[in-house]
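> Let me give you the structure first, and then I'll get to my questions.
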Amino acid sequence: DAKTTQPNSMESNEEEPVHLPCNHSTISGTDYIHWYRQLPSQGPEYVIHGLTSNVNNRMASLAIAEDRKSSTLILHRATLRDAAVYYCIPLRDTDKLIFGTGTRLQVFP
Amino acid sequence: DAGVTQSPTHLIKTRGQQVTLRCSPISGHKSVSWYQQVLGQGPQFIFQYYEKEERGRGNFPDRFSARQFPNYSSELNVNALLLGDSALYLCASSKLAGAGAYTQYFGPGTRLTVL
C-alpha cells in the first residue's frame, strides 16, 4: 500500500480557493488517487479521483503531478460546509480504503 | 435514489454480548464494505463483500464476521464485545468491486457503545 503524507490542518476564509496537498511518493503506476472527506458526525464522502490527468467535477479539481508522486485537491471557493477532514487515498486493484490522518480544513466566515 | 442506509443508528451493549449491524446498499450496488472508526481516528477497513463472497478482510479478530445476502444487503456481527469495540461502524457500497476505480458511498454509520 502506498504511503501518504498530508498536513495535519489547514485554514481558509470563506469564498477563497483552497489547495490541499498530498505526497504519495511510493505510488505505483496503476494506483488511482482518491480523495474523500468526512464532515463532522457524518460518514466519509467521495470527492474526486484520478489516475494521470487532472480531473474536475462539481465539487473540486484534482491536480496530479507529472511524476504522480504528489497531488493537490483544489476547492475553488471554500464554503463553511467544506470544513471537514480530507483524506488522500491511493487505490490499486482493490476497494480497501486506507484512511490516514488526513487534513483537517477549517473555513472561517 | 436512496443512499446507503444502516440500522440501528445507535446501540448500547455490555461487555461479552453480541451485536448485529445491518446495511442496505444503494440500489444496483453489488459491493459492500465495512469500516470501524474509533473516536479521533480515520476509518479502518474490516470486510468487503461482493456478490455474496468475501473479497477482503482487514486486521480484525475472528469475533468480527459478516455476510451479504442475495439482495446485496449485509450484516456485520461482533461477538464477545469488548470496551474497545466502541466505535462508529460504517458501511460503504459501490457498483462493482476491484480495480481501484470505483467510487464508494458511505452510510451514516451505527454508533456502538460497549459498557
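Chains: A, B, ... in order of the C-alpha cells. Residues: from 1 per chain. Ligands: from 1, in order shown.
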Within 7 Å of chain B, which residues of chain A are there when counting only C-alpha atoms? Please give them as a list in words.
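Contact residues on the first chain: Tyr32, Gln42, Gly43, Pro44, Glu45, Tyr46, Leu91, Arg92, Asp93, Thr94, Asp95, Lys96, Leu97, Ile98, Phe99, Gly100 and Thr101 of chain A.
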> Run DSSP on the backbone and give me the residues of chain B it puts in strand (DSSP E), as an MDAnalysis selection string.
chainID B and resid 5:7 10:13 19:24 31:37 44:50 53:57 64:68 74:78 87:94 105:106 110:114
> Which polymer residues have any atom within 8 Å of an atom of Asn23 of chain A, counting only C-alpha atoms, with same-chain residues fewer than 3 positions away left out, as a PyMOL selection string?
chain A and resi 4-6+69-71
> Find the residues near segment 7-14 of chain A: any atom within 8 Å, counting only C-alpha atoms, skip ones fewer than 2 places away on the same chain, and give them as a VMD selection string.
chain A and resid 5 16 to 18 20 to 22 77 to 80 101 to 109
> Got time to write the residues from that selection, C-alpha atoms, as a PDB file, in the first residue's frame?

```pdb
ATOM      1  CA  THR A   5       1.663  12.440   3.763  1.00  0.00           C
ATOM      2  CA  GLU A  16     -11.237  31.752  -1.129  1.00  0.00           C
ATOM      3  CA  PRO A  17      -9.571  28.912  -3.050  1.00  0.00           C
ATOM      4  CA  VAL A  18      -8.021  26.097  -1.035  1.00  0.00           C
ATOM      5  CA  LEU A  20      -4.853  20.651  -0.164  1.00  0.00           C
ATOM      6  CA  PRO A  21      -1.575  18.823  -0.886  1.00  0.00           C
ATOM      7  CA  CYS A  22      -0.788  15.131  -0.633  1.00  0.00           C
ATOM      8  CA  ARG A  77     -14.333  28.709  -3.458  1.00  0.00           C
ATOM      9  CA  ALA A  78     -14.419  27.362   0.064  1.00  0.00           C
ATOM     10  CA  THR A  79     -17.693  27.452   1.934  1.00  0.00           C
ATOM     11  CA  LEU A  80     -18.406  26.776   5.581  1.00  0.00           C
ATOM     12  CA  THR A 101      -4.754  11.018   9.443  1.00  0.00           C
ATOM     13  CA  GLY A 102      -5.964  13.364   6.711  1.00  0.00           C
ATOM     14  CA  THR A 103      -6.010  17.165   6.687  1.00  0.00           C
ATOM     15  CA  ARG A 104      -8.474  18.986   8.899  1.00  0.00           C
ATOM     16  CA  LEU A 105      -9.705  22.022   6.960  1.00  0.00           C
ATOM     17  CA  GLN A 106     -11.139  24.944   8.894  1.00  0.00           C
ATOM     18  CA  VAL A 107     -13.105  27.581   6.980  1.00  0.00           C
ATOM     19  CA  PHE A 108     -13.697  30.977   8.537  1.00  0.00           C
ATOM     20  CA  PRO A 109     -16.548  33.318   7.619  1.00  0.00           C
TER      21      PRO A 109
END
```
> Please, what distance in Å, to one decimal, runs between atom CA of Ser25 of chain A and atom CA of Gln38 of chain A?
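Here the two named atoms are 24.0 Å from each other.
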> Any idea what the distance is between atom CA of Leu75 of chain A and atom CA of Met59 of chain A?
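Here the two named atoms are 7.2 Å from each other.
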